[in-house]
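To start, the structure under review is shown below, and the notes come after it.
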Amino acid sequence: MSIVRVALDVPLPRLFDYRAEDPAGDWVGRLVRVPFGSGEKLGLILQVLDQSDQPPEKLRPIHSLLTELPPLPADWIALCEFCARYYQHPLGEVSSFALPPLLRRGKLPKRRLARPQPGRGDQEASPPLTTEQQVALMAIGQTRGFEAFLLHGVTGSGKTEVYLRAIEAVLAQGCQALMLVPEIALTPQLEGRVAARFPDAHIVSAHSGVADAARARGFLEAFEGQADIVLGTRLSVFMPLPRLGLIVVDEEHDASFKQQDGLRYSARDVAIFRAKQRDVPILLGSATPSLETFHHARTGRYRLLTLTLRAVAAAMPDVRIVDTRREKLQDGMSQALIAALELRLARGEQSLIFLNRRGYAPVLACTACGWISHCRRCAANLVVHLADRRLRCHHCGLETGIPQACPDCGNLDIHPFGRGTQRLEVALQERFPEARVLRVDRDSASSPKKWQALLAQIHAGEADILVGTQMLAKGHDFPKLTLVGVVGADAALFAADFRAPERLFAQLMQVGGRSGRALLPGEVLIQSEYPDHPLYQALADHDYSRFASQQLHEREQAGFPPFAHQALLRAEAPSVDQSLAFLAAARVEALKLAGEAVMLYDPVPMRMVRRMSLERAQLLVESASRPALQAFLATWSQLLYELKTPRELRWHLDVDPQEL
Ligand code: ADP
Ligand code: ZN
Ligand code: ZN
């Protein structure tokens, strides 16, 4: 009898055996339709066997083999196996996730009849490299096989130019390049740049904004080796690439590389595994590297390449911390900021005010009885959206109208408290009636189309003052933008999460870096009640290394990552007691396994305990040794599947969690 062992998209940490007539060796890696329960599922064949551990009468025959698709390559399967093992996730769910949605359902896209005609326009000329760019490229060009590089370059230093040249060299050798970028918002700009540089290359883009058929087509083009460059968000790390020669991860510190549900993988870390597996170089780029990556670069695991000068602009922007302790702010703005805005308006230059909070105000409140607009499903407030007169929960999407009077006491005197981008937009428009004020946040750029339109407006110089959230912070090059004002940043200084300072620094450095990127000199004003805070001081000096060293020192003292490795077991259920009880039981199991090397914390409710009517708790596991933690998790996660749980309870493991 012949048997195939199949990975199926089910939440169980096991594989399934089926009978098959004459399976051949090249069945491994093929997709197969098999009976499952009373239905049918699509699976991936991992092995062809002579024997099963199941009794023969229990084995059901496969339904059919998907012969239209060649077998997925062994290195792709090994990549899925690595993710399953490392992130403690069922292999069948991983391999299903790694396929584009259409293939997951066993469907094949209609193929393009012919290759798209190359040459969308003339090839964009590449500028002569700066000395620093040359040095970086030489180092990359000299490697053979795997090596991880950190390209640490200040904002505007021309990191993208280095990526493009490195890709050019790889294409010239007949290899494929994979380039990962943070999020969909930026990909169209970059796609344009890459296409202009390589008019003859076959470029495939992969992100959630690509329609299903195109995504599947791109996957097949990469798989069959026709694609030269794959450019995409985190999910593109799973593209099969037979001629892979280089991986680039742009803005490697970006939080969007970590998936926050299902398979909780870090695309950057998986990319490192992949570069090693395929023995090719990987280039991680950032102006503010993650402390993990920076630590590896300092300790010699990665090779550090630095770009200290901007490519075009004469200098870095002048960063000033505006002390607001003794000043009565006007609509949240200091005299210094208002004067700087006036100056830009008079000169016909653009300004950007960064406030990382969308909506009109974070809460609506009654001054008489203390009522506040609270989400009934989450431990969070409903945010006032005055533009469309709604109250909205930013965590679960719950919406209501804005009440005329206090729902508790009937008082008519209810007010929005605090300030979001909408309120700032209104205030700026009132203060500068002649200025064109443009708000850019997830509400005004709610679709890719609207977002593109906003960007076009900014580039065309049709806006004088931009008010925006972090959407505007990354990657953009607006030549006329010479002032960045930051308001309301202090709140993040004292957040409980140990990664909060790292995130704040990166965000402010990124947004400040939008200023003065071309020929006009730039200025950044950061309003703060803690002007002497070392984080702000390091920003003012453009000194990432000082900030990072100080943070790493603190983390080493406290035993936090990268000096320890962490995993979280999280549970959610209708009541937090159920969640805590599950974690307590899980901890009892863990205590039987954990040796000295693994530290188990107590189960605790999550900081925001209630979300979408579920109450959440978590249990932190930590070790100074990654192998020790991995070995522990492998056994523990098996035991977790056997624990009895209330039907409504859900749990998951998050390895290398980004938010505690
Ligand atoms: P980064 O990604 O490091 O923030 P970019 O790659 O966007 O910076 O480069 C900033 C600007 O400098 C872009 O307008 C880019 O076209 C330009 N640039 C990069 N390298 C050079 C160079 N060697 N000569 C001239 N201009 C360059
Ligand atoms: Zn009231
Ligand atoms: Zn809610």
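The way I read the labels, and the way they are meant: chains A, B, ... in the order of the structure tokens, residue 1 as the first residue of every chain, and ligand 1 as the first ligand shown, with later ones counted on from there.
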Any chance you could tabulate, as JSON lines, the residues of chain A at most 8 Å from ligand 1 with each one's nearest atom pair and distance in Å to one decimal, using only C-alpha atoms and all ligand atoms, in chain and rising number order?
{"residue": "A:Ser126", "atom": "CA", "partner": "ligand 1", "partner_atom_place_in_ligand_line": "22 (C)", "distance": 7.9}
{"residue": "A:Pro127", "atom": "CA", "partner": "ligand 1", "partner_atom_place_in_ligand_line": "24 (N)", "distance": 4.7}
{"residue": "A:Pro128", "atom": "CA", "partner": "ligand 1", "partner_atom_place_in_ligand_line": "23 (N)", "distance": 5.0}
{"residue": "A:Leu129", "atom": "CA", "partner": "ligand 1", "partner_atom_place_in_ligand_line": "23 (N)", "distance": 3.7}
{"residue": "A:Thr130", "atom": "CA", "partner": "ligand 1", "partner_atom_place_in_ligand_line": "23 (N)", "distance": 4.7}
{"residue": "A:Gln133", "atom": "CA", "partner": "ligand 1", "partner_atom_place_in_ligand_line": "23 (N)", "distance": 7.0}
{"residue": "A:Gly153", "atom": "CA", "partner": "ligand 1", "partner_atom_place_in_ligand_line": "3 (O)", "distance": 5.8}
{"residue": "A:Val154", "atom": "CA", "partner": "ligand 1", "partner_atom_place_in_ligand_line": "3 (O)", "distance": 6.1}
{"residue": "A:Thr155", "atom": "CA", "partner": "ligand 1", "partner_atom_place_in_ligand_line": "4 (O)", "distance": 3.9}
{"residue": "A:Gly156", "atom": "CA", "partner": "ligand 1", "partner_atom_place_in_ligand_line": "4 (O)", "distance": 3.5}
{"residue": "A:Ser157", "atom": "CA", "partner": "ligand 1", "partner_atom_place_in_ligand_line": "3 (O)", "distance": 4.0}
{"residue": "A:Gly158", "atom": "CA", "partner": "ligand 1", "partner_atom_place_in_ligand_line": "6 (O)", "distance": 3.3}
{"residue": "A:Lys159", "atom": "CA", "partner": "ligand 1", "partner_atom_place_in_ligand_line": "3 (O)", "distance": 3.8}
{"residue": "A:Thr160", "atom": "CA", "partner": "ligand 1", "partner_atom_place_in_ligand_line": "6 (O)", "distance": 3.7}
{"residue": "A:Glu161", "atom": "CA", "partner": "ligand 1", "partner_atom_place_in_ligand_line": "6 (O)", "distance": 5.1}
{"residue": "A:Val162", "atom": "CA", "partner": "ligand 1", "partner_atom_place_in_ligand_line": "6 (O)", "distance": 7.6}
{"residue": "A:Ser286", "atom": "CA", "partner": "ligand 1", "partner_atom_place_in_ligand_line": "3 (O)", "distance": 7.7}
{"residue": "A:Ala287", "atom": "CA", "partner": "ligand 1", "partner_atom_place_in_ligand_line": "3 (O)", "distance": 7.2}
{"residue": "A:Arg310", "atom": "CA", "partner": "ligand 1", "partner_atom_place_in_ligand_line": "12 (O)", "distance": 7.1}
{"residue": "A:Ala311", "atom": "CA", "partner": "ligand 1", "partner_atom_place_in_ligand_line": "12 (O)", "distance": 4.8}
{"residue": "A:Val312", "atom": "CA", "partner": "ligand 1", "partner_atom_place_in_ligand_line": "12 (O)", "distance": 5.1}
{"residue": "A:Ala313", "atom": "CA", "partner": "ligand 1", "partner_atom_place_in_ligand_line": "12 (O)", "distance": 7.8}
{"residue": "A:Gly475", "atom": "CA", "partner": "ligand 1", "partner_atom_place_in_ligand_line": "4 (O)", "distance": 6.2}
{"residue": "A:His476", "atom": "CA", "partner": "ligand 1", "partner_atom_place_in_ligand_line": "7 (O)", "distance": 7.5}
{"residue": "A:Asp477", "atom": "CA", "partner": "ligand 1", "partner_atom_place_in_ligand_line": "14 (O)", "distance": 6.6}
{"residue": "A:Gly513", "atom": "CA", "partner": "ligand 1", "partner_atom_place_in_ligand_line": "4 (O)", "distance": 7.7}
{"residue": "A:Arg517", "atom": "CA", "partner": "ligand 1", "partner_atom_place_in_ligand_line": "11 (C)", "distance": 6.9}
{"residue": "A:Ala518", "atom": "CA", "partner": "ligand 1", "partner_atom_place_in_ligand_line": "14 (O)", "distance": 7.1}
Around ligand 2, which protein and nucleic acid residues have at least one atom no more than 12 Å from it, if we count only C-alpha atoms and all ligand atoms? List them as a count of residues only.
23
List all protein, DNA and RNA residues that have at least one atom no more than 10 Å from any atom of ligand 3, counting only C-alpha atoms and all ligand atoms, and write them as an mmCIF file with C-alpha atoms, in the first residue's frame.
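Just written: result.cif:
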data_model
loop_
_atom_site.group_PDB
_atom_site.id
_atom_site.type_symbol
_atom_site.label_atom_id
_atom_site.label_comp_id
_atom_site.auth_asym_id
_atom_site.auth_seq_id
_atom_site.Cartn_x
_atom_site.Cartn_y
_atom_site.Cartn_z
ATOM 1 C CA HIS A 374 -16.937 54.396 26.604
ATOM 2 C CA CYS A 375 -16.994 51.420 24.270
ATOM 3 C CA ARG A 376 -19.239 48.714 25.658
ATOM 4 C CA ARG A 377 -17.193 46.010 23.983
ATOM 5 C CA CYS A 378 -13.691 47.234 24.851
ATOM 6 C CA ALA A 379 -11.756 48.747 27.718
ATOM 7 C CA ALA A 380 -11.395 51.874 25.622
ATOM 8 C CA ASN A 381 -13.081 55.200 24.938
ATOM 9 C CA LEU A 382 -15.135 56.041 21.892
ATOM 10 C CA ARG A 392 -16.109 55.446 17.098
ATOM 11 C CA CYS A 393 -14.104 52.748 18.849
ATOM 12 C CA HIS A 394 -10.667 52.444 17.278
ATOM 13 C CA HIS A 395 -10.313 48.901 18.590
ATOM 14 C CA CYS A 396 -13.501 47.142 17.532
ATOM 15 C CA GLY A 397 -15.102 49.566 15.096
ATOM 16 C CA LEU A 398 -18.273 50.129 17.184
ATOM 17 C CA GLU A 399 -20.022 53.338 16.089
ATOM 18 C CA ARG A 610 -11.422 43.874 27.235
ATOM 19 C CA ARG A 611 -11.580 43.916 23.459
ATOM 20 C CA MET A 612 -14.528 43.044 21.235
ATOM 21 C CA SER A 613 -16.396 41.693 24.264
#
Name the residues of stretch 343-410 of chain A that fall into alpha helix (DSSP H) according to DSSP on the backbone, using the chain letters and numbers of this document, as number ranges by chain.
A: 343-347
Give me the residues of stretch 329-426 of chain A that have any atom at most 9 Å from an atom of stretch 485-490 of chain A; for each, the nearest atom pair and the distance in Å, rounded to one decimal. Use only C-alpha atoms, sort by chain and number, and format it as a Markdown table.
| residue | atom | partner | partner_atom | distance |
| --- | --- | --- | --- | --- |
| A:Gly332 | CA | A:Val487 | CA | 7.3 |
| A:Met333 | CA | A:Val487 | CA | 7.4 |
| A:Leu337 | CA | A:Gly485 | CA | 6.8 |
| A:Ala340 | CA | A:Gly485 | CA | 8.9 |
| A:Leu341 | CA | A:Gly485 | CA | 8.8 |
| A:Ser351 | CA | A:Gly485 | CA | 7.7 |
| A:Leu352 | CA | A:Gly485 | CA | 6.2 |
| A:Ile353 | CA | A:Gly485 | CA | 4.6 |
| A:Phe354 | CA | A:Val486 | CA | 4.9 |
| A:Leu355 | CA | A:Val487 | CA | 5.6 |
| A:Asn356 | CA | A:Gly488 | CA | 7.8 |
| A:Arg357 | CA | A:Gly488 | CA | 8.8 |
| A:Arg419 | CA | A:Gly488 | CA | 8.8 |
- Task: Excluding A:Met471 and residues on its chain fewer than 3 positions from it, collect all residues at most 10 Å away from it, counting only C-alpha atoms, and give them as a VMD selection string.
- Result: chain A and resid 183 185 to 186 354 356 440 to 442 445 451 468 474 to 476 511
Output N, CA, C and O atoms of each residue in that selection to a file, as a JSON list (two decimals), in the first residue's frame.
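Produced file part16.json, reproduced below:
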[["chain", "number", "residue", "atom", "x", "y", "z"],
["A", 183, "GLU", "N", 4.62, 48.66, 4.49],
["A", 183, "GLU", "CA", 3.19, 48.49, 4.37],
["A", 183, "GLU", "C", 2.69, 49.01, 3.06],
["A", 183, "GLU", "O", 3.35, 49.76, 2.36],
["A", 185, "ALA", "N", 0.85, 51.26, 2.10],
["A", 185, "ALA", "CA", 0.76, 52.69, 1.83],
["A", 185, "ALA", "C", 1.92, 53.20, 0.98],
["A", 185, "ALA", "O", 1.77, 54.13, 0.22],
["A", 186, "LEU", "N", 3.08, 52.60, 1.12],
["A", 186, "LEU", "CA", 4.25, 53.12, 0.44],
["A", 186, "LEU", "C", 4.58, 52.40, -0.85],
["A", 186, "LEU", "O", 5.37, 52.88, -1.65],
["A", 354, "PHE", "N", 2.73, 66.84, 13.03],
["A", 354, "PHE", "CA", 2.58, 65.42, 13.32],
["A", 354, "PHE", "C", 1.88, 65.26, 14.67],
["A", 354, "PHE", "O", 2.34, 65.75, 15.70],
["A", 356, "ASN", "N", -0.01, 61.96, 16.42],
["A", 356, "ASN", "CA", -0.31, 60.57, 16.14],
["A", 356, "ASN", "C", -1.61, 60.12, 16.80],
["A", 356, "ASN", "O", -1.64, 59.12, 17.52],
["A", 440, "VAL", "N", -4.03, 64.17, 6.72],
["A", 440, "VAL", "CA", -3.71, 62.84, 6.18],
["A", 440, "VAL", "C", -3.66, 61.84, 7.33],
["A", 440, "VAL", "O", -2.74, 61.85, 8.15],
["A", 441, "ASP", "N", -4.71, 61.03, 7.44],
["A", 441, "ASP", "CA", -4.71, 59.97, 8.44],
["A", 441, "ASP", "C", -5.56, 58.82, 7.89],
["A", 441, "ASP", "O", -6.01, 58.88, 6.74],
["A", 442, "ARG", "N", -5.79, 57.80, 8.67],
["A", 442, "ARG", "CA", -6.51, 56.64, 8.16],
["A", 442, "ARG", "C", -7.95, 56.98, 7.76],
["A", 442, "ARG", "O", -8.56, 56.27, 6.98],
["A", 445, "ALA", "N", -7.52, 59.08, 4.33],
["A", 445, "ALA", "CA", -6.93, 58.20, 3.31],
["A", 445, "ALA", "C", -7.47, 56.79, 3.51],
["A", 445, "ALA", "O", -6.72, 55.84, 3.70],
["A", 451, "TRP", "N", -5.79, 57.74, -0.84],
["A", 451, "TRP", "CA", -4.42, 57.97, -0.37],
["A", 451, "TRP", "C", -3.54, 58.45, -1.51],
["A", 451, "TRP", "O", -2.78, 59.40, -1.37],
["A", 468, "GLY", "N", -0.92, 65.30, 10.08],
["A", 468, "GLY", "CA", -0.96, 63.87, 9.82],
["A", 468, "GLY", "C", -0.49, 63.01, 10.95],
["A", 468, "GLY", "O", 0.20, 63.45, 11.87],
["A", 474, "LYS", "N", 6.65, 58.04, 7.06],
["A", 474, "LYS", "CA", 7.61, 57.13, 6.45],
["A", 474, "LYS", "C", 7.91, 57.41, 5.00],
["A", 474, "LYS", "O", 6.99, 57.58, 4.21],
["A", 475, "GLY", "N", 9.16, 57.41, 4.67],
["A", 475, "GLY", "CA", 9.60, 57.25, 3.29],
["A", 475, "GLY", "C", 9.31, 58.36, 2.30],
["A", 475, "GLY", "O", 9.92, 58.39, 1.26],
["A", 476, "HIS", "N", 8.38, 59.25, 2.60],
["A", 476, "HIS", "CA", 8.01, 60.20, 1.55],
["A", 476, "HIS", "C", 9.05, 61.28, 1.34],
["A", 476, "HIS", "O", 9.75, 61.67, 2.24],
["A", 511, "VAL", "N", 9.65, 61.05, 11.02],
["A", 511, "VAL", "CA", 8.81, 62.18, 10.60],
["A", 511, "VAL", "C", 9.67, 63.43, 10.46],
["A", 511, "VAL", "O", 9.49, 64.21, 9.52]]
* Might you pull out every residue within 12 Å of A:Thr143, with only C-alpha atoms counted and same-chain residues fewer than 2 positions away left off, and present them as JSON, numbers by chain? => {"A": [136, 137, 138, 139, 140, 141, 145, 146, 147, 148, 149, 166, 170, 245, 246, 279, 280, 281, 282, 283, 303]}
Serialized selection, N, CA, C and O atoms, as a compact mmCIF listing (two decimals), in the first residue's frame:
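See selection-v1.txt below for the written result:
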# COMPACT_ATOMS: atom_id res chain seq x y z
N ALA A 136 29.45 51.13 0.67
CA ALA A 136 28.45 50.14 1.07
C ALA A 136 28.27 49.10 -0.04
O ALA A 136 28.26 47.89 0.22
N LEU A 137 28.16 49.58 -1.26
CA LEU A 137 27.93 48.65 -2.38
C LEU A 137 29.10 47.71 -2.63
O LEU A 137 28.91 46.55 -2.97
N MET A 138 30.29 48.25 -2.42
CA MET A 138 31.48 47.40 -2.60
C MET A 138 31.43 46.25 -1.61
O MET A 138 31.69 45.09 -1.99
N ALA A 139 31.09 46.57 -0.38
CA ALA A 139 31.05 45.52 0.65
C ALA A 139 30.02 44.46 0.28
O ALA A 139 30.27 43.26 0.39
N ILE A 140 28.85 44.91 -0.18
CA ILE A 140 27.80 43.97 -0.53
C ILE A 140 28.23 43.13 -1.74
O ILE A 140 28.05 41.91 -1.77
N GLY A 141 28.86 43.81 -2.70
CA GLY A 141 29.27 43.14 -3.92
C GLY A 141 30.34 42.08 -3.70
O GLY A 141 30.46 41.14 -4.48
N GLY A 145 27.66 34.16 -0.96
CA GLY A 145 26.84 33.40 -0.03
C GLY A 145 26.20 34.27 1.04
O GLY A 145 26.13 35.50 0.90
N PHE A 146 25.77 33.63 2.12
CA PHE A 146 25.01 34.34 3.14
C PHE A 146 25.86 35.35 3.90
O PHE A 146 26.96 35.07 4.33
N GLU A 147 25.31 36.53 4.03
CA GLU A 147 25.85 37.49 4.98
C GLU A 147 24.73 38.50 5.23
O GLU A 147 24.02 38.87 4.31
N ALA A 148 24.56 38.91 6.49
CA ALA A 148 23.53 39.90 6.80
C ALA A 148 24.20 41.25 6.98
O ALA A 148 25.15 41.39 7.74
N PHE A 149 23.68 42.25 6.26
CA PHE A 149 24.19 43.60 6.37
C PHE A 149 23.13 44.49 6.99
O PHE A 149 21.95 44.38 6.65
N ALA A 166 22.27 47.29 -5.73
CA ALA A 166 22.54 45.91 -5.33
C ALA A 166 21.64 44.96 -6.12
O ALA A 166 22.08 43.89 -6.56
N VAL A 170 22.52 41.89 -8.98
CA VAL A 170 21.97 40.53 -8.86
C VAL A 170 21.24 40.13 -10.15
O VAL A 170 21.38 39.01 -10.63
N GLY A 245 18.81 35.65 -5.38
CA GLY A 245 20.20 36.08 -5.25
C GLY A 245 20.42 37.12 -4.16
O GLY A 245 21.55 37.34 -3.72
N LEU A 246 19.32 37.77 -3.73
CA LEU A 246 19.47 38.84 -2.73
C LEU A 246 18.12 39.12 -2.08
O LEU A 246 17.09 39.09 -2.75
N ASP A 279 21.61 30.65 1.18
CA ASP A 279 23.00 31.09 1.08
C ASP A 279 23.16 32.32 0.19
O ASP A 279 23.99 32.35 -0.71
N VAL A 280 22.34 33.32 0.47
CA VAL A 280 22.43 34.59 -0.27
C VAL A 280 22.52 35.75 0.72
O VAL A 280 22.10 35.63 1.87
N PRO A 281 23.07 36.89 0.30
CA PRO A 281 23.14 38.03 1.21
C PRO A 281 21.78 38.66 1.47
O PRO A 281 20.87 38.58 0.65
N ILE A 282 21.67 39.29 2.63
CA ILE A 282 20.45 40.02 2.97
C ILE A 282 20.86 41.39 3.48
O ILE A 282 21.83 41.53 4.22
N LEU A 283 20.10 42.39 3.03
CA LEU A 283 20.41 43.78 3.32
C LEU A 283 19.25 44.36 4.12
O LEU A 283 18.13 44.45 3.61
N ARG A 303 26.94 42.71 9.43
CA ARG A 303 27.94 43.69 9.07
C ARG A 303 27.31 45.07 8.96
O ARG A 303 26.30 45.23 8.28
**Asked** Which residues come within 8 Å of A:Val604, counting only C-alpha atoms, excluding same-chain residues fewer than 5 positions away, as a count of residues only?
**Response** 4
Can you list, as a PyMOL selection string, every protein, DNA or RNA residue that comes within 8 Å of A:Asp250 when you count only C-alpha atoms, leaving out same-chain residues fewer than 6 positions away?
chain A and resi 179-182+284-286
Can you list every residue of stretch 4-114 of chain A that has an atom at most 12 Å from stretch 552-572 of chain A, with its nearest atom pair and the distance in Å to one decimal, using only C-alpha atoms, ordered by chain then number, as a tab-separated table?
residue	atom	partner	partner_atom	distance
A:Tyr86	CA	A:Ala567	CA	10.9
A:Tyr87	CA	A:Ala567	CA	9.4
A:Gln88	CA	A:Ala567	CA	10.4
TODO: Would you mind telling me which residue in A:Gly225, A:Gly29, A:Pro13, A:Gly218 lies nearest to A:Leu108 when using only C-alpha atoms?
DONE: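 Closest candidate: A:Gly218.
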### Task
Find the spatial neighbours of A:Tyr544, counting only C-alpha atoms, within a cut-off of 12 Å - ignore same-chain residues fewer than 6 positions away - and output them as a PyMOL selection string.
chain A and resi 152-155+286-291+294+306+308+502+505-506+508-510+534-538+550-552
Let me see the file: selected residues, C-alpha atoms, as a short mmCIF file (atom, residue, chain, number, x, y, z; two decimals), in the first residue's frame.
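In the end it all went to out_11.cif:
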data_model
loop_
_atom_site.label_atom_id
_atom_site.label_comp_id
_atom_site.auth_asym_id
_atom_site.auth_seq_id
_atom_site.Cartn_x
_atom_site.Cartn_y
_atom_site.Cartn_z
CA HIS A 152 22.18 52.24 8.76
CA GLY A 153 21.68 55.48 6.90
CA VAL A 154 20.24 58.79 8.06
CA THR A 155 16.95 59.87 6.47
CA SER A 286 16.88 51.73 8.33
CA ALA A 287 17.60 55.17 9.74
CA THR A 288 16.53 53.80 13.12
CA PRO A 289 17.30 50.08 13.21
CA SER A 290 15.48 47.90 15.70
CA LEU A 291 17.56 47.45 18.82
CA PHE A 294 21.59 47.11 15.98
CA THR A 306 26.67 53.42 7.49
CA THR A 308 26.02 59.48 7.66
CA GLU A 502 12.37 52.79 20.79
CA PHE A 505 12.40 57.68 18.75
CA ALA A 506 12.04 55.90 15.42
CA LEU A 508 10.07 61.12 15.48
CA MET A 509 13.30 60.54 13.57
CA GLN A 510 11.29 59.32 10.59
CA PRO A 534 17.62 62.05 26.86
CA LEU A 535 15.40 60.74 24.07
CA TYR A 536 14.65 64.25 22.83
CA GLN A 537 18.25 65.33 23.34
CA ALA A 538 19.51 62.46 21.20
CA GLN A 550 21.66 53.86 26.25
CA GLN A 551 18.51 51.81 25.59
CA LEU A 552 20.53 48.63 25.11
#
Between atom CA of A:Arg264 and atom CA of A:Ala84 lies a distance of 10.3 Å
Handout entry: Per-residue DSSP, stretch 221-292 of chain A, filtered to strand (DSSP E or B), as a list in words
Key = Ile229, Val230, Leu231, Gly232, Leu244, Gly245, Leu246, Ile247, Val248, Val249, Lys258, Ser266, Pro281, Ile282, Leu283, Leu284, Gly285 and Ser286 of chain A
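Taking atom CA of A:Gln638 and atom CA of A:Glu93 as endpoints, the distance between them is 15.6 Å.
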Of A:Ser515, A:Thr635, A:Ser256, A:Ser623, the one nearest to A:Ala315 when counting only C-alpha atoms is A:Ser515
